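A.B. asks: One structure, pasted below without further comment.
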2 protein chains.
Amino acid sequence: MEKKASEKLEPQLREHRDCLTLTALTLQHLPHDPAIGRQRHYPKGSFVWTAETTDHSLYFLERGQIAIMLSDDAGCEVIIRVLKPGEPFGELCFCAERDRPRKNCAQASVDSMALEVGFDDFMIHMQQDADALTSLAFTFCKRLADAESRIEVLSHRGAEVRIGRLLLQLAATGGMTSATRQGKTKLPIGHDDLARMAAMTRPHVSVTMGKLRDRGLVHYDRSNQLTVDVVRLGEYVNQKTRTNE
Amino acid sequence: MEKKASEKLEPQLREHRDCLTLTALTLQHLPHDPAIGRQRHYPKGSFVWTAETTDHSLYFLERGQIAIMLSDDAGCEVIIRVLKPGEPFGELCFCAERDRPRKNCAQASVDSMALEVGFDDFMIHMQQDADALTSLAFTFCKRLADAESRIEVLSHRGAEVRIGRLLLQLAATGGMTSATRQGKTKLPIGHDDLARMAAMTRPHVSVTMGKLRDRGLVHYDRSNQLTVDVVRLGEYVNQKTRTNE
DNA sequence: GACTCGACGTTCGCCCGCAAACGTGGGATT
DNA sequence: AATCCCACGTTTGCGGGCGAACGTCGAGTC
């Protein structure tokens with residue numbers, strides 16, 4: 001019974017984090033061979049690829065931060081995923097895109113370094129290294145779960161629930177584990193990025209965040225990072241969801 | 001130049017379909033050993049698992065149709081994915097769910113048969129069969145692409161664009177390939193299911209579909225299945241997206 | 001053929017998310 | 001210290017999506 005508190009909070013999350021640490025594909029699964037890829041530098045704001053890019057490669061982020069976003073006709077608006085160092089990205093198989101006119105694009109949100117690997121080289125290595133292949137499958141699995149979480153977020157039309165669930169998802173996956181206390185999670189993210197993730201306008205995000213802050217579910221101000229009270233926000237969002245359905 | 005017409009329409013889709021046919025994990029990748037799993041029967045409307053189910057297994061659909069949906073507190077509302085015979089489903093790794101109070105659930109939309117396989121048995125087989133493991137990775141990849149398409153669909157708030165893009169996605173992935181002509185795709189789906197996929201209300205879907213039908217972009221009536229004019233609908237949706245941004 | 005059932009259609013009023021424009025404060029640069 | 005720049009805040013009018021309730025048509029059942 002000594003694990004009661006953490007079990008009550010997030011038993012599956014704990015298991016999930018262990019799983020990720022152990023099995024997700026990272027830069028370390030690649031052979032330490034300089035010939036395996038080419039190191040590239042991406043200044044802040046530059047694109048690794050855009051909707052117009054035709055050649056598909058794989059990348060492993062070495063330093064910095066890359067955001068995968070949907071490239072609207074009017075520019076890249078919706079953020080699908082944000083990558084941290086070590087993670088692979090790119091068109092991980094040629095299946096990734098359909099015949100739709102839009103594709104995604106990848107933009108460096110800070111100054112970044114990435115290793116570009118040819119798809120064929122990568123597949124050859126995957127077929128030779130069963131551990132790496134297993135890790136690749138788990139990486140896909142994790143991202144699929146993330147994507148389905150995003151689908152859940154976007155399936156809610158109400159602003160508070162939508163932002164609330166997005167914050168909960170970010171706290172569960174990308175959040176700084178170094179919480180001040182149980183259930184408080186810091187999120188290094190601005191309203192602008194939240195708006196692009198929730199497919200909302202930035203002012204509306206500010207209004208909604210203000211409401212959540214007034215209720216004491218999140219904390220932030222001009223000089224302090226966003227902190228989410230996961231437990232209370234979760235309760236509020238669930239109650240709000242129930243009453244609206 | 002003899003492939004000009006099809007290339008112009010959907011070059012990547014063709015490649016993608018080949019890719020799927022060749023590499024996606026299906027029932028045929030399992031060893032033909034009756035001890036590998038247990039065959040189960042699911043009557044129409046019954047659940048393979050619900051939000052309350054605690055044990056996680058893998059399933060391969062043998063006959064019928066299963067829908068994976070988000071289990072809202074007020075029941076299952078949003079359809080994430082619809083499976084066809086041969087496809088695997090279930091908690092494909094224990095990472096699938098986070099600490100969020102909601103989980104997904106699986107409901108048989110018609111009378112169905114599925115093979116239940118233990119996770120451990122499955123993983124053992126995956127580690128012994130490199131081809132199956134590669135196929136598993138491609139299956140995840142395909143579903144990740146599908147999920148990201150859904151994110152794109154749900155990121156649009158306008159009803160016509162939202163329904164239009166959903167129809168285009170369904171036509172590109174699940175649609176009957178047997179088109180009457182180039183660019184016309186039949187979709188065996190009702191307004192009710194469309195509403196659950198687009199996270200809209202059923203009446204609003206009917207209104208929106210009526211508008212699209214008036215414009216000649218889709219065709220259907222009380223006794224004829226839905227047919228989508230992929231090319232014209234794509235043009236309309238893109239134009240509509242541009243003017244609104 | 002009368003019945004039921006399920007799927008599609010229609011209307012109306014409320015609410016809320018969006019757009020646009022402007023205001024405010026803090027931190028970094030000079 | 002003055003400046004610029006960026007992130008967050010706030011307001012108003014408007015459009016449209018939602019909810020609810022009801023209507024209509026076709027198909028299968030007996």
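Simple scheme: letters A, B, ... for chains in structure tokens order, numbers from 1 for residues in each chain, numbers from 1 for ligands in the order shown.
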Could you please tell me, as an NGL selection string, which residues of chain D have an atom within 10 Å of chain A when using only C-alpha atoms (C1' of nucleotides)?
C.D. replies: :D and (7-10 or 17-18)
A.B. asks: Next, write the just-selected residues to a file, as a compact mmCIF listing (two decimals), in the first residue's frame, keeping N, CA and C atoms (P, O5', C5', C4', C3', O3' and C1' of nucleotides) as the atom set.
C.D. replies:
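Listing of out-v1.txt after writing:
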```
# COMPACT_ATOMS: atom_id res chain seq x y z
P DA D 7 6.70 35.80 -28.55
O5' DA D 7 5.84 35.62 -27.22
C5' DA D 7 6.49 35.67 -25.97
C4' DA D 7 5.51 36.12 -24.91
C3' DA D 7 4.14 35.43 -24.99
O3' DA D 7 3.78 34.92 -23.72
C1' DA D 7 3.88 37.78 -24.96
P DC D 8 2.49 34.06 -23.52
O5' DC D 8 1.45 35.07 -22.85
C5' DC D 8 1.78 35.67 -21.62
C4' DC D 8 0.84 36.82 -21.35
C3' DC D 8 -0.65 36.43 -21.30
O3' DC D 8 -1.20 36.82 -20.05
C1' DC D 8 -0.31 38.36 -22.63
P DG D 9 -2.73 36.49 -19.73
O5' DG D 9 -3.44 37.86 -20.09
C5' DG D 9 -3.15 39.00 -19.32
C4' DG D 9 -3.98 40.18 -19.82
C3' DG D 9 -5.50 39.93 -19.84
O3' DG D 9 -6.13 40.87 -19.00
C1' DG D 9 -4.75 40.92 -21.87
P DT D 10 -7.63 40.67 -18.60
O5' DT D 10 -8.43 41.53 -19.66
C5' DT D 10 -7.97 42.84 -19.99
C4' DT D 10 -8.84 43.45 -21.07
C3' DT D 10 -10.29 42.93 -21.12
O3' DT D 10 -11.17 44.02 -20.95
C1' DT D 10 -9.33 42.97 -23.28
P DG D 17 -20.58 26.40 -39.14
O5' DG D 17 -20.47 25.33 -37.95
C5' DG D 17 -19.66 25.62 -36.83
C4' DG D 17 -20.39 25.29 -35.56
C3' DG D 17 -21.14 23.96 -35.56
O3' DG D 17 -20.80 23.23 -34.41
C1' DG D 17 -22.57 25.70 -34.86
P DC D 18 -21.34 21.76 -34.19
O5' DC D 18 -22.37 21.95 -33.01
C5' DC D 18 -21.99 22.73 -31.89
C4' DC D 18 -23.16 22.91 -30.95
C3' DC D 18 -24.00 21.64 -30.75
O3' DC D 18 -24.14 21.37 -29.37
C1' DC D 18 -25.39 23.47 -31.39
```
A.B. asks: As a list in words, please: the residues near Leu217 (chain A) (cut-off 10 Å, only C-alpha atoms (C1' of nucleotides), same-chain neighbours under 4 positions excluded).
C.D. replies: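 With the cut-off at 10 Å, the set is Gly164, Lys184, Met209, Lys211, Leu212, Arg213, Thr227, Val228, Asp229, Val230, Val231, Arg232, Leu233, Gly234, Glu235 and Tyr236 of chain A.
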A.B. asks: Take the residues from that selection and put them in a file with C-alpha atoms, as a short mmCIF file (atom, residue, chain, number, x, y, z; two decimals), in the first residue's frame.
C.D. replies:
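So out31.cif came out as:
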```
data_model
loop_
_atom_site.label_atom_id
_atom_site.label_comp_id
_atom_site.auth_asym_id
_atom_site.auth_seq_id
_atom_site.Cartn_x
_atom_site.Cartn_y
_atom_site.Cartn_z
CA GLY A 164 -7.99 21.87 -20.39
CA LYS A 184 1.69 20.21 -10.36
CA MET A 209 -6.48 30.46 -19.78
CA LYS A 211 -10.68 31.68 -16.68
CA LEU A 212 -8.74 28.56 -15.73
CA ARG A 213 -6.28 30.69 -13.77
CA THR A 227 2.06 25.38 -14.06
CA VAL A 228 -0.85 22.97 -14.32
CA ASP A 229 -2.65 21.45 -11.35
CA VAL A 230 -3.24 18.14 -13.06
CA VAL A 231 -5.58 16.69 -10.46
CA ARG A 232 -7.90 19.65 -10.04
CA LEU A 233 -7.90 20.50 -13.73
CA GLY A 234 -8.75 16.89 -14.52
CA GLU A 235 -11.68 16.96 -12.14
CA TYR A 236 -12.93 20.25 -13.51
#
```
A.B. asks: Between C:DA28, C:DC3, C:DA20, C:DC8, which one has atoms that come closest to DC25 (chain D), using only C-alpha atoms (C1' of nucleotides)?
C.D. replies: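 Answer, going by the shortest atom-to-atom distance: C:DC8.
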A.B. asks: Residues of chain A within 9 Å of chain C, counting only C-alpha atoms (C1' of nucleotides) - could you list those as a PyMOL selection string?
C.D. replies: chain A and resi 157-159+200-201+204+222-223
A.B. asks: List the spatial neighbours of region 49-66 of chain B as number ranges by chain - criterion: any atom at most 6 Å away, only C-alpha atoms (C1' of nucleotides), same-chain residues fewer than 6 positions off excluded.
C.D. replies: B: 27, 82-91, 103, 105-119
A.B. asks: Which residue, B:Ile124, B:Val237, B:Leu70, B:Ala132, has the smallest gap to chain A when you use only C-alpha atoms?
C.D. replies: B:Leu70
A.B. asks: With DSSP run on the backbone, what are the alpha helix (DSSP H) residues within region 63-174 of chain A? I'd like them as a VMD selection string.
C.D. replies: chain A and resid 119 to 128 130 to 154 159 to 173
A.B. asks: For C-alpha atoms, I'd like the residues from the last selection saved as an mmCIF file, in the first residue's frame.
C.D. replies:
```
data_model
loop_
_atom_site.group_PDB
_atom_site.id
_atom_site.type_symbol
_atom_site.label_atom_id
_atom_site.label_comp_id
_atom_site.auth_asym_id
_atom_site.auth_seq_id
_atom_site.Cartn_x
_atom_site.Cartn_y
_atom_site.Cartn_z
ATOM 1 C CA PHE A 119 15.513 6.030 -45.843
ATOM 2 C CA ASP A 120 17.213 3.035 -47.428
ATOM 3 C CA ASP A 121 20.165 3.154 -45.036
ATOM 4 C CA PHE A 122 17.747 3.357 -42.181
ATOM 5 C CA MET A 123 15.648 0.405 -43.319
ATOM 6 C CA ILE A 124 18.728 -1.731 -43.851
ATOM 7 C CA HIS A 125 19.849 -1.011 -40.346
ATOM 8 C CA MET A 126 16.377 -1.720 -38.966
ATOM 9 C CA GLN A 127 16.343 -5.112 -40.628
ATOM 10 C CA GLN A 128 19.730 -5.958 -39.161
ATOM 11 C CA ALA A 130 15.904 -6.438 -34.102
ATOM 12 C CA ASP A 131 16.090 -4.273 -30.986
ATOM 13 C CA ALA A 132 16.024 -1.115 -33.050
ATOM 14 C CA LEU A 133 13.070 -2.411 -35.045
ATOM 15 C CA THR A 134 11.177 -3.210 -31.875
ATOM 16 C CA SER A 135 11.944 0.268 -30.613
ATOM 17 C CA LEU A 136 10.716 1.741 -33.862
ATOM 18 C CA ALA A 137 7.413 -0.068 -33.441
ATOM 19 C CA PHE A 138 7.088 1.253 -29.902
ATOM 20 C CA THR A 139 7.899 4.762 -31.064
ATOM 21 C CA PHE A 140 5.111 4.567 -33.612
ATOM 22 C CA CYS A 141 2.832 3.191 -30.936
ATOM 23 C CA LYS A 142 3.583 6.079 -28.611
ATOM 24 C CA ARG A 143 2.980 8.638 -31.321
ATOM 25 C CA LEU A 144 -0.233 6.956 -32.339
ATOM 26 C CA ALA A 145 -1.433 7.234 -28.760
ATOM 27 C CA ASP A 146 -0.418 10.895 -28.735
ATOM 28 C CA ALA A 147 -2.245 11.530 -31.978
ATOM 29 C CA GLU A 148 -5.391 9.870 -30.689
ATOM 30 C CA SER A 149 -5.180 12.034 -27.607
ATOM 31 C CA ARG A 150 -5.075 15.043 -29.851
ATOM 32 C CA ILE A 151 -8.141 13.744 -31.669
ATOM 33 C CA GLU A 152 -9.904 13.586 -28.341
ATOM 34 C CA VAL A 153 -8.826 17.133 -27.536
ATOM 35 C CA LEU A 154 -10.009 18.475 -30.869
ATOM 36 C CA ALA A 159 -12.931 26.274 -25.173
ATOM 37 C CA GLU A 160 -12.322 25.424 -21.515
ATOM 38 C CA VAL A 161 -12.590 21.680 -22.030
ATOM 39 C CA ARG A 162 -10.523 21.844 -25.179
ATOM 40 C CA ILE A 163 -7.690 23.813 -23.620
ATOM 41 C CA GLY A 164 -7.992 21.871 -20.386
ATOM 42 C CA ARG A 165 -7.650 18.511 -22.037
ATOM 43 C CA LEU A 166 -4.780 19.777 -24.158
ATOM 44 C CA LEU A 167 -2.943 20.925 -21.033
ATOM 45 C CA LEU A 168 -3.573 17.566 -19.399
ATOM 46 C CA GLN A 169 -2.219 15.754 -22.408
ATOM 47 C CA LEU A 170 0.864 17.950 -22.556
ATOM 48 C CA ALA A 171 1.402 17.447 -18.842
ATOM 49 C CA ALA A 172 1.137 13.668 -19.235
ATOM 50 C CA THR A 173 3.570 13.387 -22.116
#
```
A.B. asks: Pick from A:Leu187, A:Ala24, A:Leu226, A:Val48: nearest to chain B, with only C-alpha atoms counted?
C.D. replies: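 Counting only C-alpha atoms, the residue closest to chain B is A:Ala24.
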